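Text of final-v1.csv (CSV, C-alpha atoms) as supplied:
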chain,number,residue,atom,x,y,z
A,1293,MET,CA,0.0,0.0,0.0
A,1294,LYS,CA,1.3,3.4,-0.9
A,1295,ILE,CA,0.3,5.9,1.8
A,1296,ILE,CA,0.7,9.6,0.8
A,1297,PRO,CA,0.4,12.3,3.5
A,1298,ILE,CA,-1.3,15.6,2.4
A,1299,THR,CA,-1.0,18.6,4.7
A,1300,LEU,CA,-4.1,20.8,4.7
A,1301,PRO,CA,-4.5,24.3,6.1
A,1302,THR,CA,-7.2,25.0,8.8
A,1303,PRO,CA,-8.6,28.2,10.1
A,1304,PHE,CA,-7.9,26.9,13.7
A,1305,TYR,CA,-5.1,27.8,16.1
A,1306,ILE,CA,-3.8,24.2,15.9
A,1307,GLY,CA,-2.5,25.0,12.3
A,1308,PRO,CA,-2.5,22.5,9.5
A,1309,VAL,CA,-3.6,18.9,9.7
A,1310,ASN,CA,-2.5,15.8,7.8
A,1311,VAL,CA,-4.8,13.6,5.8
A,1312,TYR,CA,-3.6,10.4,4.2
A,1313,LEU,CA,-4.3,9.1,0.7
A,1314,ILE,CA,-4.0,5.3,0.4
A,1315,LYS,CA,-3.2,4.9,-3.3
A,1316,ASP,CA,-4.2,1.3,-3.6
A,1317,ASP,CA,-7.5,-0.3,-4.8
A,1318,PRO,CA,-9.9,0.9,-3.5
A,1319,ILE,CA,-8.6,4.5,-3.3
A,1320,THR,CA,-9.0,5.6,0.3
A,1321,LEU,CA,-8.7,9.0,2.1
A,1322,ILE,CA,-8.1,9.0,5.8
A,1323,ASP,CA,-9.6,12.2,7.2
A,1324,THR,CA,-10.7,15.2,5.1
A,1325,GLY,CA,-9.8,18.5,6.7
A,1326,PRO,CA,-12.2,21.3,7.5
A,1327,LYS,CA,-14.8,22.6,5.0
A,1328,THR,CA,-13.1,25.7,3.6
A,1329,LYS,CA,-12.3,26.8,0.0
A,1330,GLU,CA,-8.6,26.9,0.8
A,1331,THR,CA,-8.6,23.4,2.2
A,1332,VAL,CA,-10.4,21.9,-0.7
A,1333,ASP,CA,-8.1,23.6,-3.2
A,1334,VAL,CA,-5.0,22.3,-1.4
A,1335,LEU,CA,-6.5,18.8,-1.2
A,1336,ARG,CA,-7.3,18.8,-4.9
A,1337,ALA,CA,-3.7,19.8,-5.7
A,1338,GLY,CA,-2.3,17.1,-3.4
A,1339,LEU,CA,-4.6,14.4,-5.0
A,1340,ARG,CA,-3.6,15.7,-8.5
A,1341,ASN,CA,0.1,15.4,-7.6
A,1342,ALA,CA,-0.6,11.8,-6.7
A,1343,GLY,CA,-2.4,11.2,-10.0
A,1344,ILE,CA,-5.8,11.0,-8.3
A,1345,SER,CA,-9.0,13.0,-8.4
A,1346,ILE,CA,-11.8,13.2,-5.9
A,1347,SER,CA,-14.0,11.1,-8.2
A,1348,ASP,CA,-11.5,8.2,-7.8
A,1349,ILE,CA,-12.0,8.0,-4.0
A,1350,ARG,CA,-14.0,5.0,-2.9
A,1351,ARG,CA,-13.6,5.2,0.9
A,1352,ILE,CA,-13.3,8.0,3.4
A,1353,VAL,CA,-12.1,6.9,6.8
A,1354,LEU,CA,-12.5,9.3,9.7
A,1355,THR,CA,-10.2,9.0,12.6
A,1356,HIS,CA,-12.6,11.1,14.6
A,1357,ALA,CA,-15.3,13.7,14.0
A,1358,HIS,CA,-13.8,17.0,14.9
A,1359,GLU,CA,-14.2,19.6,12.2
A,1360,ASP,CA,-10.5,19.8,11.3
A,1361,HIS,CA,-10.6,16.1,10.4
A,1362,CYS,CA,-14.1,15.4,9.1
A,1363,GLY,CA,-15.4,18.7,7.7
A,1364,MET,CA,-15.4,17.8,4.0
A,1365,ALA,CA,-16.5,14.2,4.4
A,1366,ARG,CA,-20.0,14.8,3.1
A,1367,ALA,CA,-18.9,17.1,0.2
A,1368,LEU,CA,-16.2,14.6,-0.9
A,1369,ARG,CA,-18.6,11.7,-0.6
A,1370,ASP,CA,-21.1,13.5,-2.7
A,1371,GLU,CA,-18.6,14.5,-5.4
A,1372,ALA,CA,-16.9,11.0,-5.5
A,1373,LYS,CA,-20.4,9.5,-6.0
A,1374,GLU,CA,-19.4,6.0,-4.9
A,1375,ALA,CA,-17.4,6.7,-1.8
A,1376,ARG,CA,-18.4,5.2,1.5
A,1377,VAL,CA,-17.7,7.1,4.8
A,1378,PHE,CA,-16.4,5.1,7.7
A,1379,VAL,CA,-16.5,6.4,11.3
A,1380,HIS,CA,-16.7,4.9,14.7
A,1381,GLY,CA,-20.2,4.7,16.1
A,1382,TRP,CA,-19.3,6.7,19.2
A,1383,GLU,CA,-18.8,9.8,17.0
A,1384,THR,CA,-22.5,10.1,16.2
A,1385,GLY,CA,-23.0,13.4,18.2
A,1386,HIS,CA,-20.2,15.1,16.5
A,1387,ARG,CA,-20.8,14.1,12.9
A,1388,ALA,CA,-24.5,15.0,13.2
A,1389,GLY,CA,-23.6,18.6,14.0
A,1390,ARG,CA,-22.1,18.3,17.5
A,1391,LEU,CA,-24.0,17.0,20.5
A,1392,GLU,CA,-27.6,18.2,21.0
A,1393,TYR,CA,-27.4,21.5,22.6
A,1394,GLU,CA,-30.0,21.1,25.3
A,1395,GLU,CA,-28.7,17.7,26.4
A,1396,HIS,CA,-25.1,19.0,26.6
A,1397,ARG,CA,-26.2,22.3,28.4
A,1398,GLN,CA,-28.0,20.3,31.1
A,1399,LEU,CA,-24.9,18.1,31.7
A,1400,LEU,CA,-22.6,21.2,31.9
A,1401,LEU,CA,-25.0,23.0,34.3
A,1402,ARG,CA,-25.2,19.8,36.6
A,1403,ALA,CA,-21.4,19.7,36.6
A,1404,GLY,CA,-21.3,23.2,38.0
A,1405,VAL,CA,-20.3,25.2,34.9
A,1406,PRO,CA,-21.7,28.8,35.2
A,1407,SER,CA,-24.6,29.5,32.8
A,1408,ASP,CA,-22.7,32.4,31.2
A,1409,GLU,CA,-19.8,30.0,30.4
A,1410,VAL,CA,-22.3,27.5,28.9
A,1411,GLU,CA,-23.7,30.3,26.6
A,1412,ALA,CA,-20.1,31.3,25.5
A,1413,MET,CA,-19.4,27.7,24.7
A,1414,ARG,CA,-22.7,27.4,22.6
A,1415,LYS,CA,-21.6,30.5,20.6
A,1416,LEU,CA,-18.2,29.0,20.0
A,1417,TYR,CA,-19.7,25.6,18.9
A,1418,ASN,CA,-22.1,27.4,16.5
A,1419,ASN,CA,-19.1,29.1,14.9
A,1420,PHE,CA,-17.4,25.7,14.4
A,1421,ARG,CA,-20.4,24.3,12.6
A,1422,GLN,CA,-19.6,26.2,9.4
A,1423,TYR,CA,-16.5,24.0,9.0
A,1424,ALA,CA,-18.3,20.7,8.7
A,1425,ASP,CA,-21.5,19.4,7.2
A,1426,ALA,CA,-23.5,16.9,9.2
A,1427,LEU,CA,-23.7,13.2,8.2
A,1428,ASP,CA,-26.6,11.1,9.1
A,1429,ASP,CA,-26.2,7.5,10.4
A,1430,GLU,CA,-27.3,6.0,7.0
A,1431,GLN,CA,-24.6,8.0,5.3
A,1432,CYS,CA,-21.9,6.3,7.3
A,1433,THR,CA,-20.5,2.8,7.8
A,1434,GLU,CA,-19.5,2.1,11.4
A,1435,LEU,CA,-15.9,1.4,12.1
A,1436,LEU,CA,-15.4,-1.3,14.7
A,1437,ASP,CA,-12.3,-2.0,16.8
A,1438,GLY,CA,-10.3,-4.7,15.1
A,1439,ALA,CA,-12.0,-4.3,11.7
A,1440,GLU,CA,-9.9,-4.8,8.7
A,1441,LEU,CA,-10.2,-2.7,5.5
A,1442,GLU,CA,-8.8,-4.7,2.6
A,1443,PHE,CA,-6.8,-3.3,-0.2
A,1444,GLU,CA,-5.3,-4.9,-3.3
A,1445,SER,CA,-1.9,-5.2,-1.7
A,1446,GLY,CA,-2.6,-4.9,2.0
A,1447,VAL,CA,-4.9,-4.5,5.0
A,1448,LEU,CA,-5.6,-1.5,7.3
A,1449,GLN,CA,-6.5,-2.7,10.8
A,1450,ILE,CA,-8.7,-0.3,12.8
A,1451,ILE,CA,-7.8,0.3,16.4
A,1452,HIS,CA,-10.3,2.0,18.6
A,1453,THR,CA,-8.3,4.6,20.7
A,1454,PRO,CA,-10.8,6.6,22.7
A,1455,GLY,CA,-9.4,9.7,24.4
A,1456,HIS,CA,-9.3,12.7,22.2
A,1457,THR,CA,-12.9,11.9,21.3
A,1458,PRO,CA,-14.9,8.9,22.5
A,1459,GLY,CA,-14.7,7.2,19.0
A,1460,SER,CA,-11.2,8.1,18.0
A,1461,CYS,CA,-9.6,5.4,15.9
A,1462,SER,CA,-6.1,4.7,14.8
A,1463,SER,CA,-4.9,2.2,12.2
A,1464,ALA,CA,-2.0,-0.1,11.4
A,1465,SER,CA,-1.2,-1.3,7.9
A,1466,ARG,CA,0.3,-4.6,6.7
A,1467,ARG,CA,1.1,-5.9,3.3
A,1468,ILE,CA,-0.4,-9.0,1.8
A,1469,PRO,CA,2.4,-11.2,0.3
A,1470,SER,CA,2.1,-11.3,-3.5
A,1471,SER,CA,1.8,-15.1,-3.3
A,1472,ARG,CA,-1.5,-14.7,-1.4
A,1473,ARG,CA,-3.1,-11.9,-3.5
A,1474,ILE,CA,-6.0,-12.8,-5.8
A,1475,PRO,CA,-5.8,-11.0,-9.1
A,1476,SER,CA,-8.6,-8.4,-9.3
A,1477,ILE,CA,-9.6,-9.8,-12.7
A,1478,LEU,CA,-10.6,-13.1,-10.9
A,1479,LEU,CA,-12.8,-11.1,-8.4
A,1480,GLY,CA,-14.5,-9.2,-11.1
A,1481,VAL,CA,-13.2,-5.9,-9.7
A,1482,SER,CA,-11.7,-3.3,-11.9
A,1483,SER,CA,-8.2,-2.1,-10.8
A,1484,ARG,CA,-7.1,1.5,-11.2
Represent the supplied structure as structure tokens.
Amino acid sequence: MKIIPITLPTPFYIGPVNVYLIKDDPITLIDTGPKTKETVDVLRAGLRNAGISISDIRRIVLTHAHEDHCGMARALRDEAKEARVFVHGWETGHRAGRLEYEEHRQLLLRAGVPSDEVEAMRKLYNNFRQYADALDDEQCTELLDGAELEFESGVLQIIHTPGHTPGSCSSASRRIPSSRRIPSILLGVSSR
């Protein structure tokens, strides 16, 4: 598997983020960056440098559902037409436009957070929403701990690593020895 990092700008104080193109059949993008014109332009250029266009992408794997990593998932999925979006099930609240405000507000108030601070946080979260489009459950495929995403020449194993977010996932890749590969022509799959 050829894994190509692409560094994308963000409007956030953290600075740029990396997404990863797996240039192997099926073409896969790990994370997407935030939904900004500058970010999509840089992503298109990075894909073009790798000989890929958005329409070639078949899978989008989200490591977690913060706007700087998932913001363009819906737009890329829509443009790619056949791409599937994969994300851990515990990320539901974030990918659907953050957690429901009233539920979150009650939790914060019970925890002793002053109401003026809760209101300031609501305004901050509302500002972040412009950097990601929501994805409904039926628009995503759930990533499970230990799942293996197969490629023509390797496997990407999903590792649930909660902490940064409840559903954060990492991955480890391994190659499939050429003696064990099944030619794609025998599977009836087109190779790119």
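Between atom CA of Arg1351 of chain A and atom CA of Val1377 of chain A lies a distance of 6.0 Å.
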(Q) When you look at Tyr1305 of chain A with a cut-off of 12 Å (counting all atoms listed in the file), what residues show up, excluding the ones that are within fewer than 4 positions of it in the same chain? I need them as a ChimeraX atom specification. (A) /A:1301,1309,1360
Q.
Under the rule that all atoms listed in the file are counted, which of A:His1380, A:His1356, A:Arg1397, A:Lys1329 is the nearest residue to Pro1303 of chain A?
A.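 Answer, going by the shortest atom-to-atom distance: A:Lys1329.
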**Q.** Nearest residue to Gly1455 of chain A from the set A:Arg1421, A:Asp1428, A:Ile1314, A:Trp1382 (distances using all atoms listed in the file)
**A.**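 That would be A:Trp1382, the residue with the smallest distance to Gly1455 of chain A.
Each of A:Ser1345, A:Thr1320, A:Leu1354, A:Glu1394 was checked against Glu1371 of chain A using all atoms listed in the file; the smallest atom-to-atom distance is that of A:Ser1345.
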Q.
Between A:Gln1431, A:Thr1328, A:Ser1463, A:Asn1310, which residue has the minimum interatomic distance to Asp1370 of chain A, considering all atoms listed in the file?
A.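 Looking only at the distances to Asp1370 of chain A, the closest residue turns out to be A:Gln1431.
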